[in-house]
Structure formats: C-alpha cells, structure tokens
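Everything below belongs to final-v1.pdb, which stores PDB, C-alpha atoms and all ligand atoms.
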ATOM      1  CA  MET A   1      10.475  -9.901   9.313  1.00  0.00           C
ATOM      2  CA  THR A   2      10.105  -8.176   5.946  1.00  0.00           C
ATOM      3  CA  LEU A   3       7.616  -9.933   3.721  1.00  0.00           C
ATOM      4  CA  ARG A   4       7.303  -9.289   0.028  1.00  0.00           C
ATOM      5  CA  LEU A   5       4.915 -10.245  -2.746  1.00  0.00           C
ATOM      6  CA  GLY A   6       5.386 -13.871  -3.741  1.00  0.00           C
ATOM      7  CA  ASP A   7       6.796 -14.891  -0.343  1.00  0.00           C
ATOM      8  CA  LEU A   8       5.186 -17.775   1.490  1.00  0.00           C
ATOM      9  CA  ALA A   9       2.887 -16.318   4.159  1.00  0.00           C
ATOM     10  CA  PRO A  10       4.331 -17.549   7.457  1.00  0.00           C
ATOM     11  CA  ASN A  11       2.057 -19.879   9.370  1.00  0.00           C
ATOM     12  CA  PHE A  12       1.303 -19.255  13.058  1.00  0.00           C
ATOM     13  CA  GLN A  13      -0.893 -20.386  15.918  1.00  0.00           C
ATOM     14  CA  ALA A  14      -2.836 -17.631  17.623  1.00  0.00           C
ATOM     15  CA  GLU A  15      -5.211 -16.928  20.500  1.00  0.00           C
ATOM     16  CA  THR A  16      -8.274 -15.423  18.876  1.00  0.00           C
ATOM     17  CA  THR A  17     -11.818 -14.468  19.750  1.00  0.00           C
ATOM     18  CA  GLU A  18     -12.850 -17.792  18.175  1.00  0.00           C
ATOM     19  CA  GLY A  19     -10.334 -19.902  20.116  1.00  0.00           C
ATOM     20  CA  LYS A  20      -6.838 -21.075  19.329  1.00  0.00           C
ATOM     21  CA  ILE A  21      -6.343 -21.110  15.559  1.00  0.00           C
ATOM     22  CA  ASP A  22      -3.661 -22.447  13.238  1.00  0.00           C
ATOM     23  CA  PHE A  23      -3.602 -19.935  10.403  1.00  0.00           C
ATOM     24  CA  TYR A  24      -3.040 -22.438   7.587  1.00  0.00           C
ATOM     25  CA  GLU A  25      -5.773 -24.731   8.936  1.00  0.00           C
ATOM     26  CA  TYR A  26      -8.124 -21.775   9.122  1.00  0.00           C
ATOM     27  CA  LEU A  27      -7.412 -20.822   5.495  1.00  0.00           C
ATOM     28  CA  GLY A  28      -7.763 -24.384   4.246  1.00  0.00           C
ATOM     29  CA  ASP A  29      -7.597 -24.428   0.431  1.00  0.00           C
ATOM     30  CA  GLY A  30      -9.011 -20.947   0.071  1.00  0.00           C
ATOM     31  CA  TRP A  31      -7.719 -17.398  -0.010  1.00  0.00           C
ATOM     32  CA  GLY A  32      -7.147 -15.239   3.065  1.00  0.00           C
ATOM     33  CA  VAL A  33      -6.997 -11.663   4.284  1.00  0.00           C
ATOM     34  CA  LEU A  34      -4.958 -10.929   7.404  1.00  0.00           C
ATOM     35  CA  PHE A  35      -5.326  -7.332   8.569  1.00  0.00           C
ATOM     36  CA  SER A  36      -4.108  -5.462  11.610  1.00  0.00           C
ATOM     37  CA  HIS A  37      -5.573  -2.444  13.362  1.00  0.00           C
ATOM     38  CA  PRO A  38      -3.959  -0.234  15.994  1.00  0.00           C
ATOM     39  CA  ALA A  39      -6.145  -0.727  19.053  1.00  0.00           C
ATOM     40  CA  ASP A  40      -9.494  -1.823  20.459  1.00  0.00           C
ATOM     41  CA  TYR A  41     -12.110   0.729  21.510  1.00  0.00           C
ATOM     42  CA  THR A  42     -10.973   3.263  18.901  1.00  0.00           C
ATOM     43  CA  PRO A  43     -13.362   4.912  16.451  1.00  0.00           C
ATOM     44  CA  VAL A  44     -11.871   4.134  13.038  1.00  0.00           C
ATOM     45  CA  CYS A  45     -11.124   0.511  13.956  1.00  0.00           C
ATOM     46  CA  THR A  46     -14.692   0.107  15.175  1.00  0.00           C
ATOM     47  CA  THR A  47     -16.033   1.150  11.760  1.00  0.00           C
ATOM     48  CA  GLU A  48     -13.499  -1.010   9.935  1.00  0.00           C
ATOM     49  CA  LEU A  49     -14.304  -4.225  11.755  1.00  0.00           C
ATOM     50  CA  GLY A  50     -18.031  -3.569  11.384  1.00  0.00           C
ATOM     51  CA  THR A  51     -17.562  -3.023   7.656  1.00  0.00           C
ATOM     52  CA  VAL A  52     -15.640  -6.277   7.259  1.00  0.00           C
ATOM     53  CA  ALA A  53     -18.342  -8.168   9.181  1.00  0.00           C
ATOM     54  CA  LYS A  54     -21.002  -6.832   6.802  1.00  0.00           C
ATOM     55  CA  LEU A  55     -18.939  -7.992   3.815  1.00  0.00           C
ATOM     56  CA  LYS A  56     -18.804 -11.621   4.988  1.00  0.00           C
ATOM     57  CA  ASP A  57     -20.873 -12.877   2.029  1.00  0.00           C
ATOM     58  CA  GLU A  58     -18.698 -10.970  -0.430  1.00  0.00           C
ATOM     59  CA  PHE A  59     -15.541 -12.542   0.996  1.00  0.00           C
ATOM     60  CA  ALA A  60     -17.228 -15.965   1.022  1.00  0.00           C
ATOM     61  CA  LYS A  61     -18.167 -15.595  -2.680  1.00  0.00           C
ATOM     62  CA  ARG A  62     -14.463 -15.151  -3.326  1.00  0.00           C
ATOM     63  CA  ASN A  63     -13.577 -18.200  -1.206  1.00  0.00           C
ATOM     64  CA  THR A  64     -11.691 -15.855   1.113  1.00  0.00           C
ATOM     65  CA  LYS A  65     -11.499 -15.960   4.903  1.00  0.00           C
ATOM     66  CA  VAL A  66     -10.596 -12.915   6.950  1.00  0.00           C
ATOM     67  CA  MET A  67      -8.743 -12.586  10.227  1.00  0.00           C
ATOM     68  CA  ALA A  68      -8.012  -9.381  12.157  1.00  0.00           C
ATOM     69  CA  LEU A  69      -5.200  -8.672  14.619  1.00  0.00           C
ATOM     70  CA  SER A  70      -4.279  -6.175  17.264  1.00  0.00           C
ATOM     71  CA  VAL A  71      -1.934  -6.290  20.230  1.00  0.00           C
ATOM     72  CA  ASP A  72      -4.789  -5.924  22.729  1.00  0.00           C
ATOM     73  CA  GLY A  73      -5.861  -8.909  24.831  1.00  0.00           C
ATOM     74  CA  LEU A  74      -8.701 -11.360  24.408  1.00  0.00           C
ATOM     75  CA  GLU A  75     -10.968  -9.879  27.093  1.00  0.00           C
ATOM     76  CA  SER A  76     -10.587  -6.440  25.561  1.00  0.00           C
ATOM     77  CA  HIS A  77     -11.425  -7.839  22.091  1.00  0.00           C
ATOM     78  CA  LYS A  78     -14.504  -9.626  23.422  1.00  0.00           C
ATOM     79  CA  GLY A  79     -15.836  -6.524  25.182  1.00  0.00           C
ATOM     80  CA  TRP A  80     -15.168  -4.364  22.141  1.00  0.00           C
ATOM     81  CA  ILE A  81     -16.983  -6.779  19.807  1.00  0.00           C
ATOM     82  CA  SER A  82     -20.231  -5.967  21.679  1.00  0.00           C
ATOM     83  CA  ASP A  83     -19.657  -2.291  20.929  1.00  0.00           C
ATOM     84  CA  ILE A  84     -18.920  -3.010  17.257  1.00  0.00           C
ATOM     85  CA  ASN A  85     -22.066  -5.106  16.936  1.00  0.00           C
ATOM     86  CA  GLU A  86     -24.145  -2.435  18.623  1.00  0.00           C
ATOM     87  CA  THR A  87     -22.788   0.638  16.856  1.00  0.00           C
ATOM     88  CA  GLN A  88     -22.265  -0.846  13.385  1.00  0.00           C
ATOM     89  CA  GLN A  89     -25.484  -2.917  13.366  1.00  0.00           C
ATOM     90  CA  THR A  90     -23.734  -6.173  12.559  1.00  0.00           C
ATOM     91  CA  GLU A  91     -22.182  -9.224  14.193  1.00  0.00           C
ATOM     92  CA  VAL A  92     -18.445  -9.684  14.063  1.00  0.00           C
ATOM     93  CA  ASN A  93     -18.153 -13.030  12.314  1.00  0.00           C
ATOM     94  CA  PHE A  94     -14.406 -13.550  11.939  1.00  0.00           C
ATOM     95  CA  PRO A  95     -11.592 -14.138  14.445  1.00  0.00           C
ATOM     96  CA  ILE A  96      -9.594 -11.294  15.949  1.00  0.00           C
ATOM     97  CA  ILE A  97      -6.118 -12.281  17.103  1.00  0.00           C
ATOM     98  CA  ALA A  98      -5.033 -11.156  20.568  1.00  0.00           C
ATOM     99  CA  ASP A  99      -1.355 -10.592  19.829  1.00  0.00           C
ATOM    100  CA  GLU A 100      -0.285  -9.356  23.245  1.00  0.00           C
ATOM    101  CA  ASP A 101       3.250 -10.714  22.920  1.00  0.00           C
ATOM    102  CA  LYS A 102       3.467  -9.142  19.419  1.00  0.00           C
ATOM    103  CA  LYS A 103       4.840 -12.338  17.912  1.00  0.00           C
ATOM    104  CA  ILE A 104       2.550 -12.303  14.892  1.00  0.00           C
ATOM    105  CA  SER A 105       2.796  -8.531  14.430  1.00  0.00           C
ATOM    106  CA  GLN A 106       6.556  -8.917  14.272  1.00  0.00           C
ATOM    107  CA  LEU A 107       6.353 -11.944  11.996  1.00  0.00           C
ATOM    108  CA  TYR A 108       4.302  -9.862   9.544  1.00  0.00           C
ATOM    109  CA  ASP A 109       6.129  -6.561  10.195  1.00  0.00           C
ATOM    110  CA  MET A 110       2.940  -4.828  11.296  1.00  0.00           C
ATOM    111  CA  ILE A 111       4.599  -2.508  13.818  1.00  0.00           C
ATOM    112  CA  HIS A 112       6.276   0.469  12.176  1.00  0.00           C
ATOM    113  CA  PRO A 113       8.224   2.154  14.994  1.00  0.00           C
ATOM    114  CA  ASN A 114       8.506   5.527  13.283  1.00  0.00           C
ATOM    115  CA  SER A 115       4.718   5.608  13.124  1.00  0.00           C
ATOM    116  CA  ASN A 116       4.073   4.093  16.561  1.00  0.00           C
ATOM    117  CA  GLU A 117       6.377   1.948  18.654  1.00  0.00           C
ATOM    118  CA  ASN A 118       3.669   0.039  20.468  1.00  0.00           C
ATOM    119  CA  PHE A 119       0.768  -0.527  18.128  1.00  0.00           C
ATOM    120  CA  THR A 120       0.240  -2.188  14.792  1.00  0.00           C
ATOM    121  CA  VAL A 121      -0.442   0.008  11.775  1.00  0.00           C
ATOM    122  CA  ARG A 122      -3.280  -0.844   9.370  1.00  0.00           C
ATOM    123  CA  SER A 123      -1.583  -3.629   7.414  1.00  0.00           C
ATOM    124  CA  VAL A 124      -3.424  -5.785   4.901  1.00  0.00           C
ATOM    125  CA  PHE A 125      -2.094  -9.041   3.479  1.00  0.00           C
ATOM    126  CA  VAL A 126      -3.981 -10.982   0.819  1.00  0.00           C
ATOM    127  CA  ILE A 127      -2.848 -14.604   0.733  1.00  0.00           C
ATOM    128  CA  GLY A 128      -3.538 -16.861  -2.232  1.00  0.00           C
ATOM    129  CA  ASN A 129      -4.726 -20.448  -2.108  1.00  0.00           C
ATOM    130  CA  ASP A 130      -1.057 -21.415  -2.609  1.00  0.00           C
ATOM    131  CA  LYS A 131      -0.299 -19.619   0.727  1.00  0.00           C
ATOM    132  CA  LYS A 132       1.779 -17.005  -1.081  1.00  0.00           C
ATOM    133  CA  ILE A 133       1.412 -13.294  -0.423  1.00  0.00           C
ATOM    134  CA  LYS A 134      -0.413 -11.630  -3.315  1.00  0.00           C
ATOM    135  CA  LEU A 135      -0.945  -8.119  -1.956  1.00  0.00           C
ATOM    136  CA  ILE A 136       0.434  -5.952   0.836  1.00  0.00           C
ATOM    137  CA  ILE A 137      -1.061  -2.557   1.674  1.00  0.00           C
ATOM    138  CA  THR A 138      -0.214  -0.362   4.648  1.00  0.00           C
ATOM    139  CA  TYR A 139      -2.353   2.516   5.874  1.00  0.00           C
ATOM    140  CA  PRO A 140      -1.665   4.853   8.784  1.00  0.00           C
ATOM    141  CA  ALA A 141      -3.792   4.738  11.915  1.00  0.00           C
ATOM    142  CA  SER A 142      -5.626   7.921  10.909  1.00  0.00           C
ATOM    143  CA  THR A 143      -7.014   6.515   7.633  1.00  0.00           C
ATOM    144  CA  GLY A 144      -9.683   3.832   7.603  1.00  0.00           C
ATOM    145  CA  ARG A 145      -9.385   1.323   4.798  1.00  0.00           C
ATOM    146  CA  ASN A 146     -11.612   0.978   1.743  1.00  0.00           C
ATOM    147  CA  PHE A 147     -12.722  -2.658   1.894  1.00  0.00           C
ATOM    148  CA  ASP A 148     -14.617  -2.401  -1.401  1.00  0.00           C
ATOM    149  CA  GLU A 149     -11.219  -1.752  -2.965  1.00  0.00           C
ATOM    150  CA  LEU A 150      -9.899  -4.845  -1.223  1.00  0.00           C
ATOM    151  CA  LEU A 151     -12.678  -6.949  -2.788  1.00  0.00           C
ATOM    152  CA  ARG A 152     -11.925  -5.384  -6.173  1.00  0.00           C
ATOM    153  CA  VAL A 153      -8.262  -6.328  -5.855  1.00  0.00           C
ATOM    154  CA  ILE A 154      -9.155  -9.883  -4.835  1.00  0.00           C
ATOM    155  CA  ASP A 155     -11.311 -10.118  -7.994  1.00  0.00           C
ATOM    156  CA  SER A 156      -8.312  -9.025 -10.038  1.00  0.00           C
ATOM    157  CA  LEU A 157      -5.881 -11.340  -8.229  1.00  0.00           C
ATOM    158  CA  GLN A 158      -8.134 -14.366  -8.660  1.00  0.00           C
ATOM    159  CA  LEU A 159      -8.804 -13.599 -12.322  1.00  0.00           C
ATOM    160  CA  THR A 160      -5.170 -12.989 -13.220  1.00  0.00           C
ATOM    161  CA  ALA A 161      -4.120 -16.145 -11.339  1.00  0.00           C
ATOM    162  CA  ASN A 162      -6.160 -18.194 -13.811  1.00  0.00           C
ATOM    163  CA  TYR A 163      -5.922 -16.304 -17.117  1.00  0.00           C
ATOM    164  CA  SER A 164      -3.109 -14.588 -19.014  1.00  0.00           C
ATOM    165  CA  VAL A 165      -4.587 -11.164 -18.430  1.00  0.00           C
ATOM    166  CA  ALA A 166      -4.046  -8.076 -16.305  1.00  0.00           C
ATOM    167  CA  THR A 167      -6.612  -5.561 -15.116  1.00  0.00           C
ATOM    168  CA  PRO A 168      -6.373  -1.878 -16.097  1.00  0.00           C
ATOM    169  CA  ALA A 169      -6.692   1.173 -13.877  1.00  0.00           C
ATOM    170  CA  ASN A 170      -9.936   1.322 -11.901  1.00  0.00           C
ATOM    171  CA  TRP A 171     -11.073  -1.976 -13.414  1.00  0.00           C
ATOM    172  CA  LYS A 172     -14.154  -3.563 -11.921  1.00  0.00           C
ATOM    173  CA  LYS A 173     -15.511  -7.081 -12.328  1.00  0.00           C
ATOM    174  CA  GLY A 174     -17.259  -7.372 -15.705  1.00  0.00           C
ATOM    175  CA  GLU A 175     -15.150  -4.798 -17.534  1.00  0.00           C
ATOM    176  CA  ASP A 176     -12.663  -5.537 -20.310  1.00  0.00           C
ATOM    177  CA  VAL A 177      -9.204  -6.701 -19.296  1.00  0.00           C
ATOM    178  CA  VAL A 178      -5.757  -6.371 -20.803  1.00  0.00           C
ATOM    179  CA  ILE A 179      -4.166  -9.328 -22.587  1.00  0.00           C
ATOM    180  CA  ALA A 180      -0.764 -10.219 -21.093  1.00  0.00           C
ATOM    181  CA  PRO A 181       2.174  -9.016 -23.225  1.00  0.00           C
ATOM    182  CA  ALA A 182       3.541 -12.606 -23.349  1.00  0.00           C
ATOM    183  CA  ILE A 183       0.582 -13.743 -25.482  1.00  0.00           C
ATOM    184  CA  LYS A 184       1.381 -13.650 -29.200  1.00  0.00           C
ATOM    185  CA  ASN A 185      -1.171 -12.009 -31.494  1.00  0.00           C
ATOM    186  CA  GLU A 186      -1.734 -15.264 -33.379  1.00  0.00           C
ATOM    187  CA  ASP A 187      -2.647 -17.080 -30.146  1.00  0.00           C
ATOM    188  CA  ILE A 188      -5.250 -14.537 -29.033  1.00  0.00           C
ATOM    189  CA  PRO A 189      -8.299 -15.914 -30.925  1.00  0.00           C
ATOM    190  CA  THR A 190      -7.991 -19.381 -29.383  1.00  0.00           C
ATOM    191  CA  LYS A 191      -7.127 -18.113 -25.899  1.00  0.00           C
ATOM    192  CA  PHE A 192      -9.728 -15.347 -25.892  1.00  0.00           C
ATOM    193  CA  PRO A 193     -12.590 -16.461 -28.140  1.00  0.00           C
ATOM    194  CA  LYS A 194     -14.905 -13.664 -26.955  1.00  0.00           C
ATOM    195  CA  GLY A 195     -12.967 -11.283 -29.199  1.00  0.00           C
ATOM    196  CA  HIS A 196     -10.303  -8.666 -28.695  1.00  0.00           C
ATOM    197  CA  LYS A 197      -9.207  -5.154 -29.650  1.00  0.00           C
ATOM    198  CA  VAL A 198      -5.705  -4.042 -30.578  1.00  0.00           C
ATOM    199  CA  ILE A 199      -5.431  -0.423 -29.439  1.00  0.00           C
ATOM    200  CA  LYS A 200      -1.624  -0.423 -29.706  1.00  0.00           C
ATOM    201  CA  PRO A 201       0.612  -3.444 -30.324  1.00  0.00           C
ATOM    202  CA  TYR A 202       1.296  -3.509 -26.568  1.00  0.00           C
ATOM    203  CA  LEU A 203      -2.262  -2.642 -25.480  1.00  0.00           C
ATOM    204  CA  ARG A 204      -4.729  -5.366 -26.382  1.00  0.00           C
ATOM    205  CA  THR A 205      -8.013  -5.878 -24.578  1.00  0.00           C
ATOM    206  CA  THR A 206     -10.614  -8.618 -24.332  1.00  0.00           C
ATOM    207  CA  PRO A 207     -13.869  -9.128 -22.431  1.00  0.00           C
ATOM    208  CA  GLN A 208     -13.384 -10.654 -18.997  1.00  0.00           C
ATOM    209  CA  PRO A 209     -12.740 -14.299 -19.918  1.00  0.00           C
ATOM    210  CA  ASP A 210     -14.419 -16.092 -17.014  1.00  0.00           C
ATOM    211  CA  LEU A 211     -17.892 -14.534 -17.296  1.00  0.00           C
TER     212      LEU A 211
HETATM  213  C1  LIG A 301      -8.911   4.683  15.381  1.00  0.00           C
HETATM  214  O1  LIG A 301      -9.102   3.511  15.099  1.00  0.00           O
HETATM  215  O2  LIG A 301      -9.816   5.483  15.418  1.00  0.00           O
HETATM  216  C2  LIG A 301      -7.530   5.156  15.656  1.00  0.00           C
HETATM  217  C3  LIG A 301      -6.605   4.300  16.222  1.00  0.00           C
HETATM  218  C4  LIG A 301      -5.337   4.771  16.507  1.00  0.00           C
HETATM  219  C5  LIG A 301      -4.996   6.079  16.201  1.00  0.00           C
HETATM  220  C6  LIG A 301      -5.930   6.919  15.604  1.00  0.00           C
HETATM  221  C7  LIG A 301      -7.202   6.462  15.340  1.00  0.00           C
END

structure tokens encoding of this file:
Amino acid sequence: MTLRLGDLAPNFQAETTEGKIDFYEYLGDGWGVLFSHPADYTPVCTTELGTVAKLKDEFAKRNTKVMALSVDGLESHKGWISDINETQQTEVNFPIIADEDKKISQLYDMIHPNSNENFTVRSVFVIGNDKKIKLIITYPASTGRNFDELLRVIDSLQLTANYSVATPANWKKGEDVVIAPAIKNEDIPTKFPKGHKVIKPYLRTTPQPDL
C-alpha cells in the first residue's frame, strides 16, 4: 500500500517483543515513530536500535512513542536485544515487531523489491496525535539513520501543528522561525507579539512562539 503525507496511518495488531500490541492503543493520544530495519544481528541495525533506546527521554519529552519492525521472528529479536544492550551500553526500551508474515511491512510499503525482495528497507514514519502521517523518510540498508535529525523534525512538526509558522533550513529548537505566507502583515503583531522581521515581503521571521 502506498502511503502519503496526510494519510491516516493504518492501524494494526502485531506480535512484538513486548507482547501483542494494537498500534493505535500503543500510541494513545500521543505522537508515534514507526521504523523498519532490514534484519536482526546486523551491524548498522544494532547501532540504530541502541541509539533509539538511548533517546527514550528525548522521545518522551515530545510525547512520542517509538516502535521498530523487521521481518525476523520474535525469538531472533529477543536474542538480538541482548547483543544490542551489551554492545551499545543501553537497554532496548521499545517494542520491536516480529513481522514474519510481512503483513505490516506491506501495509506500510516497507519492502522495496528493487532494493531487496525479502527485507524491509530503513523506513521511518512519524505519526501525529491525529493518527495522520506527518513524515516519511526512506534510507537504504547501507546507511544508518540520523535520529537527532528525526527529533529535530518532530520539534518542527509539533511546532508547526500549533502555530502558523514554518521552520527554515537547518532550523533547531530555539531559533527564529518563518511566518506562514497566509498571515497578513497587519495580523503579525497580535499573532507574534515577540516581534518580527520583514526580510522580503514573502520572508518574515519571528522568535519561536512557544518558548
Ligand atoms: C546492517 O544493519 O548492518 C545492514 C543490514 C542489511 C544490509 C546491510 C547492512
């Protein structure tokens, strides 16, 4: 199934390392990250899952729950978790889906046959608290993801969901943001009382409004 930004993230029930989980129940009213990796007991995936485990507090601050997926089985996942904990000096603290029948991988289009017919690529879906898909990124098996970038994007997504702003290139939390083109100049002072700059009529900035 091809999923696009703004689509409702399909719900599913899955066997995971933390038991049988209904995805929507797991997310509750918060945000979610669903990410796939190609296979257990592989080097890049080992570092990725360890990195995500270490970022648990950062995801929690953003009211975001994470869930991983690969098409390996539950016993394989459980054995591999010990290796991740040992080698990455952490404790895997989120569920990993055992998608042996590939139902969820197919639902989320995580198998790209021209890359590999059998394994999931490194897909990332960020799901908003309205259960809609806010971000889709796909990396090849050979490139480990930058999860700091994922947190940065979640900061932008959550900010722009609540304010009429957008975030410029390389923006980081705390930096000035761009005022949405739909906002009329005369409405800026009341909407953005911290002040603003008009660099061009179409490029207006303001301090991050929620800080
Ligand atoms: C890895 O996680 O290291 C990996 C997995 C599949 C292909 C290449 C690398």

Excluding Pro168 (chain A) and any residue of its chain fewer than 3 positions from it, enumerate the residues within 12 Å of it, using all atoms listed in the file, and give them as number ranges by chain.
-> A: 152-153, 156, 160, 165, 171-173, 175-180, 203-206, 208

Test item: residues no farther than 8 Å from ligand LIG 301 (chain A), counting only C-alpha atoms and all ligand atoms, as a PyMOL selection string = chain A and resi 37-46+141-144

Could you name the residues that touch Phe125 (chain A) at 9 Å or less, counting only C-alpha atoms, but leaving out those on the same chain fewer than 4 positions away, as a compact mmCIF listing (two decimals) with C-alpha atoms, in the coordinates of the input?
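Below is the file around-v1.txt, written as the result:
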# COMPACT_ATOMS: atom_id res chain seq x y z
CA ALA A 9 2.89 -16.32 4.16
CA GLY A 32 -7.15 -15.24 3.06
CA VAL A 33 -7.00 -11.66 4.28
CA LEU A 34 -4.96 -10.93 7.40
CA PHE A 35 -5.33 -7.33 8.57
CA TYR A 108 4.30 -9.86 9.54
CA ILE A 133 1.41 -13.29 -0.42
CA LYS A 134 -0.41 -11.63 -3.32
CA LEU A 135 -0.94 -8.12 -1.96
CA ILE A 136 0.43 -5.95 0.84
CA ILE A 137 -1.06 -2.56 1.67
CA THR A 138 -0.21 -0.36 4.65

Taken to one decimal, the CA of Gly50 (chain A)-CA of Thr87 (chain A) distance is 8.4 Å

From the set A:Lys56, A:Lys132, A:Arg145, A:Lys65, which residue has the shortest atom-to-atom contact distance to Tyr26 (chain A), counting all atoms listed in the file?
-> A:Lys65

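Neighbours of Gln158 (chain A) closer than or equal to 9 Å, with all atoms listed in the file counted and sequence neighbours fewer than 4 positions away skipped, come out as Arg62, Gly128, Val153, Ile154, Asn162 and Tyr163 of chain A.
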
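Running the PyMOL selection byres (((chain A and resi 129) around 6) and not hetatm) on this file leaves Asp29, Gly30, Trp31, Gly128, Asp130 and Lys131 of chain A selected.
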
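Considering the residues A:Leu49, A:Ile104, A:Ala166, A:Met1 and counting only C-alpha atoms, Ala182 (chain A) has its shortest atom-to-atom contact with A:Ala166.
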
How far is it from CA of Pro201 (chain A) to CA of Thr167 (chain A), in Å with one decimal?
->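 Separation between CA of Pro201 (chain A) and CA of Thr167 (chain A): 17.0 Å.
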
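Take CA of Leu3 (chain A) and CA of Gln106 (chain A): the distance between them is 10.7 Å.
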
Taking the point (-6.5, -13.0, 16.0) as given in the file, collect each protein or nucleic acid residue that comes within 8 Å of it, counting only C-alpha atoms, and present the set as an NGL selection string.
-> :A and (14-17 or 67-70 or 95-99)

Taking C-alpha atoms for each residue, export the selection above as a compact mmCIF listing (two decimals), keeping the file's coordinate frame.
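Below you can see part12.txt, which holds the result:
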# COMPACT_ATOMS: atom_id res chain seq x y z
CA ALA A 14 -2.84 -17.63 17.62
CA GLU A 15 -5.21 -16.93 20.50
CA THR A 16 -8.27 -15.42 18.88
CA THR A 17 -11.82 -14.47 19.75
CA MET A 67 -8.74 -12.59 10.23
CA ALA A 68 -8.01 -9.38 12.16
CA LEU A 69 -5.20 -8.67 14.62
CA SER A 70 -4.28 -6.18 17.26
CA PRO A 95 -11.59 -14.14 14.44
CA ILE A 96 -9.59 -11.29 15.95
CA ILE A 97 -6.12 -12.28 17.10
CA ALA A 98 -5.03 -11.16 20.57
CA ASP A 99 -1.36 -10.59 19.83

Since the input lacks some atoms of region 142-156 of chain A, please model N, CA, C and O atoms and print them as a short mmCIF file (atom, residue, chain, number, x, y, z; two decimals), in the frame of the given file.
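For reference, part_38.cif as written:
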data_model
loop_
_atom_site.label_atom_id
_atom_site.label_comp_id
_atom_site.auth_asym_id
_atom_site.auth_seq_id
_atom_site.Cartn_x
_atom_site.Cartn_y
_atom_site.Cartn_z
N SER A 142 -4.60 6.88 11.08
CA SER A 142 -5.63 7.92 10.91
C SER A 142 -6.53 7.71 9.69
O SER A 142 -7.49 8.45 9.52
N THR A 143 -6.23 6.71 8.86
CA THR A 143 -7.01 6.52 7.63
C THR A 143 -7.66 5.13 7.62
O THR A 143 -6.96 4.11 7.53
N GLY A 144 -8.97 5.11 7.69
CA GLY A 144 -9.68 3.83 7.60
C GLY A 144 -9.60 3.28 6.19
O GLY A 144 -9.56 4.04 5.21
N ARG A 145 -9.57 1.96 6.11
CA ARG A 145 -9.38 1.32 4.80
C ARG A 145 -10.67 1.28 3.97
O ARG A 145 -11.77 1.33 4.52
N ASN A 146 -10.49 1.14 2.66
CA ASN A 146 -11.61 0.98 1.74
C ASN A 146 -11.72 -0.51 1.42
O ASN A 146 -10.95 -1.05 0.61
N PHE A 147 -12.64 -1.20 2.06
CA PHE A 147 -12.72 -2.66 1.89
C PHE A 147 -13.39 -3.05 0.59
O PHE A 147 -13.24 -4.19 0.13
N ASP A 148 -14.12 -2.12 -0.05
CA ASP A 148 -14.62 -2.40 -1.40
C ASP A 148 -13.43 -2.52 -2.36
O ASP A 148 -13.43 -3.33 -3.27
N GLU A 149 -12.43 -1.68 -2.14
CA GLU A 149 -11.22 -1.75 -2.96
C GLU A 149 -10.52 -3.10 -2.74
O GLU A 149 -10.02 -3.72 -3.68
N LEU A 150 -10.54 -3.55 -1.50
CA LEU A 150 -9.90 -4.84 -1.22
C LEU A 150 -10.61 -5.97 -1.99
O LEU A 150 -9.96 -6.84 -2.59
N LEU A 151 -11.93 -5.93 -2.02
CA LEU A 151 -12.68 -6.95 -2.79
C LEU A 151 -12.35 -6.84 -4.28
O LEU A 151 -12.19 -7.84 -4.97
N ARG A 152 -12.25 -5.60 -4.75
CA ARG A 152 -11.92 -5.38 -6.17
C ARG A 152 -10.56 -5.99 -6.50
O ARG A 152 -10.38 -6.65 -7.53
N VAL A 153 -9.60 -5.79 -5.61
CA VAL A 153 -8.26 -6.33 -5.86
C VAL A 153 -8.29 -7.86 -5.82
O VAL A 153 -7.64 -8.52 -6.63
N ILE A 154 -9.06 -8.42 -4.90
CA ILE A 154 -9.15 -9.88 -4.84
C ILE A 154 -9.75 -10.41 -6.15
O ILE A 154 -9.29 -11.42 -6.70
N ASP A 155 -10.76 -9.71 -6.69
CA ASP A 155 -11.31 -10.12 -7.99
C ASP A 155 -10.22 -10.13 -9.06
O ASP A 155 -10.12 -11.06 -9.85
N SER A 156 -9.39 -9.10 -9.06
CA SER A 156 -8.31 -9.02 -10.04
C SER A 156 -7.28 -10.13 -9.80
O SER A 156 -6.86 -10.82 -10.74
#
